[in-house]
Amino acid sequence: MDARDRPSGAFAPPPAADRPAIRVRGVSRRFVTPAGGDYRALQDVSFDVPRRAFVSIVGPTGCGKSTLLNLLAGLLTPTAGTIEIDGAPLAGLNRRATYMFQQDALLPWKSVLDNVALGLLFAGRPRAEARHAARAWLERIGLAAFGDRYPAQLSGGMRKRAAMAQNWVLERDILLMDEPFSALDVHTRQAMESELLALWTGSARTVVFVTHDLDEAISLADEVLVISAGPASRVVQRHVVPLARPRDLLDLRNHPAFNDLYATIWADLRREVARSRERDRRHGAGGAHD
Amino acid sequence: MTDGREDLFAPASLAAARTGARLRTLAWQVAVGAAVLLAWQALATAHVIDPFFVSRPSAIAVRMWQWAVTGRIWPDLFVTLEEAFLAFVIGAALGVASGFALARLPRVSGVLSPYIRILNALPRVVLAPIFLLWFGLGIWSKVALGVTLVFFVVFFNTYQGVRDVDPVLVDNARMLGASEADLIRHVFGPSALTWIFSSLHTSIGFAIVGAVVGEYLGASRGIGYVISQAQGTFDTTGVFAGMAVLSLVVVIVGEGVARLEAWLLRWKG
């Protein structure tokens, strides 16, 4: 839409191309522990995610990565600070975003096709139309022959692909992904990463991708944010990934720039991993909060 | 469904072996039943055990046959099934509705939970005289008794089923845009269904128990009434025949439920 024919009023925020898709300012989040204590998961976190960017978030286990993603999704509210989505403060669930979970989140009692169509049905689209769109997406991700199967009858990789279709069919601007491929074997995982990049390239979507795998973080992203070990995690570094697109994920690891960046980020991350181990040693196994 | 598909691809010898095993089991089942009945028949005929107290399988079979061909039993059976059916439908509907409501309203369930426990702790049979007083000798006193039995079974299972849902499924559905009604229809409902079904076998039995106990204590029709009449005339054959009819009915209804369950829960395969 051109700026001139945009109605003045509350209908749409001004489409400033330079405004970030996500703006996080001074966000903290505390939890009450089962023992009645106070756990600071995130402390004063600030960062921007530029529109159409692919941003990875890495950090040691228990650094509050998932908490951060839940805050961006609106499933949790910050204890302090603000989150803006496309210039508007986030209140309630983030309707501009979809969320791909680490665990399988397909409804086991619905066929793959019905699972993919689910979000469209929730949005009030007629069943036939929703199924038509879902079928087109199954075609696109190579699951056309499996639409009438139930999730339990698919392999782990196929379930992930179905979950991707379930999210992408909604055509929302922002994709939040929480270690979506961590449960997959190495080959399936690489195939899924390539597939994700292929979908994202030229799609105008913004992706926030949480992972504990630095390799994956760098291969996929434009920027990598490093989160410190908990408690009171914050963003310690942000690195721009100087690798051209489109990328060949199989070849990327031979690239000198990839290895340089890996070494640089790993230097940050290693310190945090060491701190997180130290913390776990002191507090025992019960200290992990993610 | 899955079984059928596996059978298609299984080698013929494997399928044959499976059929063989099934037939062997069936043969043993028939043999055990026949042995018990024959022993009963022989001991009663030889007066080792007094047929006055235990009757004889042959006499019971003859009685059931007479009931069936003269049509003597059908009106009573119909009344009992009608009562059980009403008790089941009303009890299950109330149980499912309250189970959902309390599972989704934790504050309300916190307040009500001790009272629900107290009511459930009450042996329901003692309510029968009260219900006779309130609802009279007709079918509704039996329906009421059945409802109190069915309700709690279905209620607890629905409650558990809704609470048992994986939170990730709920979060995912919410992120996809589900409203509370959508969540109940697409997430909590199907999840609770597993639990509700596992309770249906129990609760259908309870519905019939409610009907029969109610009839036994005061009625003018129904299988419970037939049994109580037979008992009043020391007609043990009639008592056993009534019991056999009830068992048969419950087994047949249970088989129907199992098939419905297999179809509705086919996604689990």
# chains A, B, ... in the order shown; residues from 1 in each chain; ligands from 1

$ interface_residues --of "chain B" --to "chain A" --cutoff "9 Å" --atoms "only C-alpha atoms" --output "list in words"
Asp166, Val168, Leu169, Val170, Asp171, Asn172, Ala173, Arg174, Met175, Leu176, Gly177, Ala178, Ser179, Asp182, His186, Val187, Pro190, Ser191, Leu265, Arg266, Trp267, Lys268 and Gly269 of chain B

$ write_last_selection --atoms "N, CA and C atoms" --output "PDB file, in the first residue's frame"
ATOM      1  N   ASP B 166      -1.664 -32.463  26.879  1.00  0.00           N
ATOM      2  CA  ASP B 166      -0.321 -31.927  26.768  1.00  0.00           C
ATOM      3  C   ASP B 166      -0.392 -30.404  26.561  1.00  0.00           C
ATOM      4  N   VAL B 168       1.603 -28.348  25.391  1.00  0.00           N
ATOM      5  CA  VAL B 168       2.121 -27.892  24.092  1.00  0.00           C
ATOM      6  C   VAL B 168       1.021 -27.922  23.029  1.00  0.00           C
ATOM      7  N   LEU B 169       0.139 -28.926  23.089  1.00  0.00           N
ATOM      8  CA  LEU B 169      -0.968 -28.986  22.127  1.00  0.00           C
ATOM      9  C   LEU B 169      -1.871 -27.764  22.302  1.00  0.00           C
ATOM     10  N   VAL B 170      -2.085 -27.377  23.565  1.00  0.00           N
ATOM     11  CA  VAL B 170      -2.947 -26.230  23.843  1.00  0.00           C
ATOM     12  C   VAL B 170      -2.271 -24.946  23.359  1.00  0.00           C
ATOM     13  N   ASP B 171      -0.984 -24.782  23.702  1.00  0.00           N
ATOM     14  CA  ASP B 171      -0.257 -23.574  23.272  1.00  0.00           C
ATOM     15  C   ASP B 171      -0.235 -23.475  21.754  1.00  0.00           C
ATOM     16  N   ASN B 172       0.027 -24.609  21.108  1.00  0.00           N
ATOM     17  CA  ASN B 172       0.091 -24.597  19.653  1.00  0.00           C
ATOM     18  C   ASN B 172      -1.256 -24.185  19.053  1.00  0.00           C
ATOM     19  N   ALA B 173      -2.333 -24.772  19.566  1.00  0.00           N
ATOM     20  CA  ALA B 173      -3.661 -24.431  19.048  1.00  0.00           C
ATOM     21  C   ALA B 173      -3.972 -22.958  19.306  1.00  0.00           C
ATOM     22  N   ARG B 174      -3.578 -22.465  20.484  1.00  0.00           N
ATOM     23  CA  ARG B 174      -3.833 -21.045  20.780  1.00  0.00           C
ATOM     24  C   ARG B 174      -3.050 -20.142  19.820  1.00  0.00           C
ATOM     25  N   MET B 175      -1.791 -20.515  19.566  1.00  0.00           N
ATOM     26  CA  MET B 175      -1.001 -19.705  18.628  1.00  0.00           C
ATOM     27  C   MET B 175      -1.607 -19.747  17.226  1.00  0.00           C
ATOM     28  N   LEU B 176      -2.230 -20.874  16.879  1.00  0.00           N
ATOM     29  CA  LEU B 176      -2.867 -20.979  15.555  1.00  0.00           C
ATOM     30  C   LEU B 176      -4.188 -20.211  15.524  1.00  0.00           C
ATOM     31  N   GLY B 177      -4.602 -19.681  16.679  1.00  0.00           N
ATOM     32  CA  GLY B 177      -5.775 -18.813  16.690  1.00  0.00           C
ATOM     33  C   GLY B 177      -7.015 -19.413  17.307  1.00  0.00           C
ATOM     34  N   ALA B 178      -6.876 -20.511  18.074  1.00  0.00           N
ATOM     35  CA  ALA B 178      -8.051 -21.164  18.634  1.00  0.00           C
ATOM     36  C   ALA B 178      -8.704 -20.327  19.733  1.00  0.00           C
ATOM     37  N   SER B 179     -10.033 -20.226  19.706  1.00  0.00           N
ATOM     38  CA  SER B 179     -10.781 -19.629  20.804  1.00  0.00           C
ATOM     39  C   SER B 179     -11.026 -20.714  21.851  1.00  0.00           C
ATOM     40  N   ASP B 182     -13.049 -23.356  20.359  1.00  0.00           N
ATOM     41  CA  ASP B 182     -12.231 -24.178  19.456  1.00  0.00           C
ATOM     42  C   ASP B 182     -11.400 -25.169  20.247  1.00  0.00           C
ATOM     43  N   HIS B 186     -11.681 -29.024  19.516  1.00  0.00           N
ATOM     44  CA  HIS B 186     -10.611 -29.673  18.756  1.00  0.00           C
ATOM     45  C   HIS B 186      -9.508 -30.260  19.617  1.00  0.00           C
ATOM     46  N   VAL B 187      -9.346 -29.750  20.845  1.00  0.00           N
ATOM     47  CA  VAL B 187      -8.220 -30.205  21.666  1.00  0.00           C
ATOM     48  C   VAL B 187      -8.692 -30.968  22.909  1.00  0.00           C
ATOM     49  N   PRO B 190     -11.515 -34.118  22.121  1.00  0.00           N
ATOM     50  CA  PRO B 190     -10.954 -35.393  21.649  1.00  0.00           C
ATOM     51  C   PRO B 190     -10.030 -36.042  22.667  1.00  0.00           C
ATOM     52  N   SER B 191      -9.279 -35.214  23.412  1.00  0.00           N
ATOM     53  CA  SER B 191      -8.384 -35.789  24.404  1.00  0.00           C
ATOM     54  C   SER B 191      -9.180 -36.452  25.520  1.00  0.00           C
ATOM     55  N   LEU B 265     -11.432 -43.677  18.101  1.00  0.00           N
ATOM     56  CA  LEU B 265     -10.042 -43.500  18.524  1.00  0.00           C
ATOM     57  C   LEU B 265      -9.085 -44.132  17.527  1.00  0.00           C
ATOM     58  N   ARG B 266      -9.484 -44.171  16.251  1.00  0.00           N
ATOM     59  CA  ARG B 266      -8.667 -44.853  15.241  1.00  0.00           C
ATOM     60  C   ARG B 266      -7.325 -44.158  15.036  1.00  0.00           C
ATOM     61  N   TRP B 267      -7.243 -42.884  15.410  1.00  0.00           N
ATOM     62  CA  TRP B 267      -5.977 -42.144  15.257  1.00  0.00           C
ATOM     63  C   TRP B 267      -4.878 -42.673  16.153  1.00  0.00           C
ATOM     64  N   LYS B 268      -5.248 -43.450  17.160  1.00  0.00           N
ATOM     65  CA  LYS B 268      -4.212 -43.931  18.071  1.00  0.00           C
ATOM     66  C   LYS B 268      -3.358 -45.029  17.463  1.00  0.00           C
ATOM     67  N   GLY B 269      -3.880 -45.684  16.437  1.00  0.00           N
ATOM     68  CA  GLY B 269      -3.266 -46.873  15.846  1.00  0.00           C
ATOM     69  C   GLY B 269      -1.825 -46.809  15.456  1.00  0.00           C
TER      70      GLY B 269
END

$ select_by_dssp --residues "region 73-166 of chain A" --states "helix (DSSP H, G or I)" --output "mmCIF file with C-alpha atoms, in the first residue's frame"
data_model
loop_
_atom_site.group_PDB
_atom_site.id
_atom_site.type_symbol
_atom_site.label_atom_id
_atom_site.label_comp_id
_atom_site.auth_asym_id
_atom_site.auth_seq_id
_atom_site.Cartn_x
_atom_site.Cartn_y
_atom_site.Cartn_z
ATOM 1 C CA ALA A 73 4.605 -15.219 21.289
ATOM 2 C CA VAL A 112 -2.300 -34.443 8.626
ATOM 3 C CA LEU A 113 -4.532 -32.505 6.246
ATOM 4 C CA ASP A 114 -6.898 -31.420 9.029
ATOM 5 C CA ASN A 115 -3.944 -30.441 11.201
ATOM 6 C CA VAL A 116 -2.547 -28.205 8.480
ATOM 7 C CA ALA A 117 -5.989 -26.695 7.867
ATOM 8 C CA LEU A 118 -6.553 -26.090 11.588
ATOM 9 C CA GLY A 119 -5.384 -22.455 11.822
ATOM 10 C CA LEU A 120 -7.474 -21.473 8.810
ATOM 11 C CA LEU A 121 -10.564 -23.032 10.419
ATOM 12 C CA PHE A 122 -9.843 -21.106 13.630
ATOM 13 C CA ARG A 127 -13.792 -25.924 5.652
ATOM 14 C CA ALA A 128 -13.505 -26.600 1.914
ATOM 15 C CA GLU A 129 -11.353 -23.529 1.399
ATOM 16 C CA ALA A 130 -9.142 -24.341 4.392
ATOM 17 C CA ARG A 131 -8.622 -27.889 3.168
ATOM 18 C CA HIS A 132 -7.847 -26.674 -0.313
ATOM 19 C CA ALA A 133 -5.128 -24.358 0.992
ATOM 20 C CA ALA A 134 -3.811 -27.100 3.286
ATOM 21 C CA ARG A 135 -3.645 -29.543 0.390
ATOM 22 C CA ALA A 136 -1.629 -27.054 -1.648
ATOM 23 C CA TRP A 137 0.848 -26.781 1.239
ATOM 24 C CA LEU A 138 1.123 -30.539 1.651
ATOM 25 C CA GLU A 139 1.924 -30.680 -2.055
ATOM 26 C CA ARG A 140 4.588 -28.053 -1.607
ATOM 27 C CA ALA A 144 0.628 -34.775 -0.632
ATOM 28 C CA ALA A 145 0.302 -38.558 -0.374
ATOM 29 C CA PHE A 146 0.044 -38.459 3.429
ATOM 30 C CA PRO A 151 0.596 -37.976 12.956
ATOM 31 C CA ALA A 152 1.425 -41.246 14.749
ATOM 32 C CA GLN A 153 1.753 -42.896 11.333
ATOM 33 C CA GLY A 156 9.627 -37.596 12.925
ATOM 34 C CA GLY A 157 10.842 -35.619 9.899
ATOM 35 C CA MET A 158 7.442 -35.823 8.217
ATOM 36 C CA ARG A 159 5.741 -34.608 11.388
ATOM 37 C CA LYS A 160 8.077 -31.600 11.459
ATOM 38 C CA ARG A 161 7.290 -30.850 7.839
ATOM 39 C CA ALA A 162 3.577 -31.068 8.581
ATOM 40 C CA ALA A 163 4.088 -28.696 11.528
ATOM 41 C CA MET A 164 5.891 -26.274 9.210
ATOM 42 C CA ALA A 165 2.986 -26.400 6.773
ATOM 43 C CA GLN A 166 0.567 -25.887 9.677
#

$ select_by_dssp --residues "region 118-247 of chain A" --states "strand (DSSP E or B)" --output "number ranges by chain"
A: 174-178, 206-211, 223-227, 233, 235-240

$ write_last_selection --atoms "C-alpha atoms" --output "mmCIF file, in the first residue's frame"
data_model
loop_
_atom_site.group_PDB
_atom_site.id
_atom_site.type_symbol
_atom_site.label_atom_id
_atom_site.label_comp_id
_atom_site.auth_asym_id
_atom_site.auth_seq_id
_atom_site.Cartn_x
_atom_site.Cartn_y
_atom_site.Cartn_z
ATOM 1 C CA ILE A 174 6.681 -13.649 12.005
ATOM 2 C CA LEU A 175 7.789 -17.227 12.590
ATOM 3 C CA LEU A 176 8.981 -18.151 16.046
ATOM 4 C CA MET A 177 10.836 -21.452 16.154
ATOM 5 C CA ASP A 178 12.013 -23.173 19.332
ATOM 6 C CA THR A 206 10.702 -12.617 9.779
ATOM 7 C CA VAL A 207 12.117 -15.637 11.587
ATOM 8 C CA VAL A 208 13.317 -15.912 15.182
ATOM 9 C CA PHE A 209 15.029 -19.268 15.532
ATOM 10 C CA VAL A 210 16.112 -20.513 18.934
ATOM 11 C CA THR A 211 18.711 -23.261 19.039
ATOM 12 C CA GLU A 223 22.218 -12.453 12.711
ATOM 13 C CA VAL A 224 23.082 -14.531 15.745
ATOM 14 C CA LEU A 225 22.214 -13.334 19.240
ATOM 15 C CA VAL A 226 24.115 -14.933 22.089
ATOM 16 C CA ILE A 227 22.253 -15.166 25.399
ATOM 17 C CA SER A 233 20.101 -14.047 31.221
ATOM 18 C CA VAL A 235 21.899 -10.671 25.283
ATOM 19 C CA VAL A 236 25.691 -10.668 25.474
ATOM 20 C CA GLN A 237 26.597 -10.376 21.818
ATOM 21 C CA ARG A 238 25.044 -9.994 18.445
ATOM 22 C CA HIS A 239 26.899 -11.091 15.339
ATOM 23 C CA VAL A 240 26.039 -10.416 11.726
#

$ residues_around --residues "Ile227 (chain B)" --least-positions-apart "5" --cutoff "10 Å" --atoms "only C-alpha atoms" --output "number ranges by chain"
B: 212, 215-216, 222, 232, 235-243

$ write_last_selection --atoms "N, CA and C atoms" --output "short mmCIF file (atom, residue, chain, number, x, y, z; two decimals), in the first residue's frame"
data_model
loop_
_atom_site.label_atom_id
_atom_site.label_comp_id
_atom_site.auth_asym_id
_atom_site.auth_seq_id
_atom_site.Cartn_x
_atom_site.Cartn_y
_atom_site.Cartn_z
N VAL B 212 -31.61 -52.11 37.69
CA VAL B 212 -32.00 -53.40 38.26
C VAL B 212 -32.17 -53.30 39.78
N GLU B 215 -35.39 -51.59 40.48
CA GLU B 215 -36.53 -52.47 40.22
C GLU B 215 -36.68 -53.50 41.33
N TYR B 216 -35.53 -53.98 41.76
CA TYR B 216 -35.52 -55.02 42.78
C TYR B 216 -36.16 -54.51 44.06
N GLY B 222 -39.76 -54.90 34.73
CA GLY B 222 -38.31 -54.87 34.58
C GLY B 222 -37.65 -56.17 35.01
N GLY B 232 -38.98 -64.54 45.28
CA GLY B 232 -40.09 -64.61 46.22
C GLY B 232 -40.79 -65.96 46.19
N ASP B 235 -37.93 -69.64 43.12
CA ASP B 235 -37.71 -70.15 41.77
C ASP B 235 -36.29 -69.78 41.35
N THR B 236 -35.29 -70.59 41.77
CA THR B 236 -33.90 -70.24 41.45
C THR B 236 -33.63 -70.24 39.96
N THR B 237 -34.30 -71.10 39.22
CA THR B 237 -34.13 -71.10 37.77
C THR B 237 -34.46 -69.72 37.20
N GLY B 238 -35.55 -69.14 37.67
CA GLY B 238 -35.93 -67.81 37.21
C GLY B 238 -34.88 -66.77 37.59
N VAL B 239 -34.34 -66.87 38.80
CA VAL B 239 -33.31 -65.92 39.23
C VAL B 239 -32.09 -66.00 38.32
N PHE B 240 -31.61 -67.26 38.09
CA PHE B 240 -30.43 -67.42 37.24
C PHE B 240 -30.71 -67.00 35.81
N ALA B 241 -31.89 -67.31 35.31
CA ALA B 241 -32.22 -66.92 33.93
C ALA B 241 -32.23 -65.41 33.80
N GLY B 242 -32.77 -64.73 34.81
CA GLY B 242 -32.76 -63.26 34.79
C GLY B 242 -31.34 -62.73 34.79
N MET B 243 -30.48 -63.33 35.63
CA MET B 243 -29.09 -62.88 35.67
C MET B 243 -28.41 -63.10 34.33
#

$ residues_around --residues "Thr77 (chain A)" --least-positions-apart "5" --cutoff "9 Å" --atoms "only C-alpha atoms" --output "number ranges by chain"
A: 29, 70-72, 91-92
